[in-house]
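> I am sharing model_29.cif, which consists of mmCIF, C-alpha atoms:
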```cif
data_start
loop_
_atom_site.label_atom_id
_atom_site.label_comp_id
_atom_site.auth_asym_id
_atom_site.auth_seq_id
_atom_site.Cartn_x
_atom_site.Cartn_y
_atom_site.Cartn_z
CA MET A 1 0.00 0.00 0.00
CA GLY A 2 2.41 2.74 1.13
CA PHE A 3 5.51 0.64 0.56
CA ASP A 4 5.54 0.16 -3.22
CA LEU A 5 9.13 0.31 -4.40
CA THR A 6 9.61 2.25 -7.60
CA PRO A 7 13.09 2.28 -9.18
CA LEU A 8 13.70 5.82 -7.88
CA ARG A 9 12.68 4.84 -4.35
CA LEU A 10 15.06 1.86 -4.53
CA VAL A 11 17.90 4.24 -5.47
CA TRP A 12 17.12 6.48 -2.49
CA LEU A 13 16.97 3.50 -0.14
CA GLY A 14 20.21 2.07 -1.50
CA LEU A 15 22.00 5.38 -1.09
CA ALA A 16 20.70 5.67 2.48
CA LEU A 17 22.05 2.22 3.32
CA VAL A 18 25.44 2.99 1.74
CA GLY A 19 25.55 6.28 3.63
CA ALA A 20 24.71 4.50 6.88
CA ALA A 21 27.51 1.98 6.35
CA LEU A 22 30.04 4.70 5.52
CA GLY A 23 28.87 6.80 8.49
CA LEU A 24 29.94 4.21 11.05
CA PRO A 25 31.66 5.18 13.27
CA PRO A 26 30.37 8.75 13.21
CA GLY A 27 33.09 11.38 12.92
CA LEU A 28 33.16 15.09 13.55
CA PRO A 29 31.47 17.03 10.75
CA GLU A 30 33.27 19.85 8.99
CA ALA A 31 31.74 23.30 9.08
CA SER A 32 30.10 22.91 5.67
CA GLY A 33 28.78 19.51 6.68
CA ALA A 34 27.26 21.01 9.81
CA VAL A 35 25.53 23.69 7.74
CA ALA A 36 24.23 21.08 5.32
CA ALA A 37 22.98 18.94 8.21
CA LEU A 38 21.20 21.91 9.75
CA THR A 39 19.64 22.77 6.39
CA LEU A 40 18.41 19.22 5.91
CA ALA A 41 17.02 19.13 9.44
CA LEU A 42 15.07 22.34 8.91
CA TRP A 43 13.87 21.27 5.47
CA SER A 44 12.68 17.90 6.71
CA LEU A 45 10.91 19.45 9.72
CA ILE A 46 9.12 22.04 7.59
CA GLU A 47 8.23 19.64 4.78
CA THR A 48 7.07 16.97 7.22
CA THR A 49 4.69 19.30 9.01
CA LEU A 50 3.34 20.82 5.78
CA ARG A 51 2.83 17.50 3.99
CA ARG A 52 1.98 15.61 7.18
CA ASN A 53 4.42 12.91 6.09
CA TRP A 54 5.38 11.92 9.63
CA PRO A 55 7.87 9.16 8.71
CA GLY A 56 10.03 12.00 7.35
CA LEU A 57 10.98 12.76 10.94
CA LEU A 58 13.17 9.62 10.84
CA THR A 59 15.63 11.84 8.99
CA LEU A 60 16.56 13.64 12.21
CA PRO A 61 18.10 10.65 14.03
CA ALA A 62 19.66 9.49 10.74
CA LEU A 63 21.67 12.74 10.72
CA ALA A 64 23.81 11.16 13.45
CA LEU A 65 25.12 8.82 10.73
CA GLY A 66 25.80 11.73 8.39
CA LEU A 67 24.29 13.44 5.36
CA GLY A 68 25.11 10.45 3.17
CA CYS A 69 22.50 8.48 5.09
CA ALA A 70 19.98 11.18 6.07
CA LEU A 71 19.45 12.89 2.72
CA PRO A 72 18.77 9.78 0.61
CA LEU A 73 16.61 8.42 3.44
CA TYR A 74 14.54 11.60 3.46
CA LEU A 75 14.15 11.48 -0.32
CA PHE A 76 13.10 7.85 -0.05
CA LEU A 77 10.48 8.65 2.58
CA ARG A 78 9.26 11.75 0.74
CA SER A 79 8.86 10.05 -2.63
CA ARG A 80 6.17 7.60 -1.54
CA ARG A 81 2.82 7.84 -3.26
CA ILE A 82 0.36 10.11 -1.51
CA VAL A 83 -3.15 8.74 -1.52
#
```
Let me see the structure of the file written as structure tokens.

Amino acid sequence: MGFDLTPLRLVWLGLALVGAALGLPPGLPEASGAVAALTLALWSLIETTLRRNWPGLLTLPALALGLGCALPLYLFLRSRRIV
């Protein structure tokens, strides 16, 4: 129902898993990485509340693993079909 996997959604999920694997163990982000993480956090919070796509909030804890995990994960969660 809400979990149909289109090719694009499979790409996002694959990139999120690769990002998660490369993010272990978590390191200290550079300044630009911190800005990008903050931007993604704000974007996901705003988009989630506007679209009421509550699984998008899973992006926030995924930021602990880095942008390589959080951004593709958010795109995966955001690209599901809205009924």
> Given the choices A:Leu17, A:Arg78, A:Trp12, A:Leu5, which gets closest to A:Pro55 if the distance is worked out from only C-alpha atoms?
A:Arg78
> Pick from A:Cys69, A:Leu75, A:Ala64, A:Ala21: nearest to A:Ser44, with all atoms listed in the file counted?
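Of all the options, A:Leu75 lies closest to A:Ser44.
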> Hey, can you check how far atom CA of A:Val11 sits from atom CA of A:Leu38?
23.6 Å
> Please provide the set of residues having any atom within 10 Å of A:Arg9, restricted to only C-alpha atoms, with same-chain residues fewer than 5 positions apart removed, written as a PyMOL selection string.
chain A and resi 3-4+14-15+72-73+75-80
> Once the PyMOL selection byres ((chain A and resi 40) around 10) has been evaluated on this model, what residues remain selected, and can you format them as a PDB file with C-alpha atoms, in the frame of the given file?

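Saved to expr.pdb:
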```pdb
ATOM      1  CA  ALA A  34      27.260  21.010   9.810  1.00  0.00           C
ATOM      2  CA  VAL A  35      25.530  23.690   7.740  1.00  0.00           C
ATOM      3  CA  ALA A  36      24.230  21.080   5.320  1.00  0.00           C
ATOM      4  CA  ALA A  37      22.980  18.940   8.210  1.00  0.00           C
ATOM      5  CA  LEU A  38      21.200  21.910   9.750  1.00  0.00           C
ATOM      6  CA  THR A  39      19.640  22.770   6.390  1.00  0.00           C
ATOM      7  CA  ALA A  41      17.020  19.130   9.440  1.00  0.00           C
ATOM      8  CA  LEU A  42      15.070  22.340   8.910  1.00  0.00           C
ATOM      9  CA  TRP A  43      13.870  21.270   5.470  1.00  0.00           C
ATOM     10  CA  SER A  44      12.680  17.900   6.710  1.00  0.00           C
ATOM     11  CA  LEU A  45      10.910  19.450   9.720  1.00  0.00           C
ATOM     12  CA  ILE A  46       9.120  22.040   7.590  1.00  0.00           C
ATOM     13  CA  THR A  59      15.630  11.840   8.990  1.00  0.00           C
ATOM     14  CA  LEU A  60      16.560  13.640  12.210  1.00  0.00           C
ATOM     15  CA  LEU A  63      21.670  12.740  10.720  1.00  0.00           C
ATOM     16  CA  LEU A  67      24.290  13.440   5.360  1.00  0.00           C
ATOM     17  CA  ALA A  70      19.980  11.180   6.070  1.00  0.00           C
ATOM     18  CA  LEU A  71      19.450  12.890   2.720  1.00  0.00           C
ATOM     19  CA  TYR A  74      14.540  11.600   3.460  1.00  0.00           C
TER      20      TYR A  74
END
```
> Distance atom CA of A:Leu65-atom CA of A:Asn53, one decimal place?
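One can read the atom CA of A:Leu65 to atom CA of A:Asn53 distance as 21.6 Å.
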> Between atom CA of A:Gly33 and atom CA of A:Thr6, what is the spacing in Å?
29.5 Å
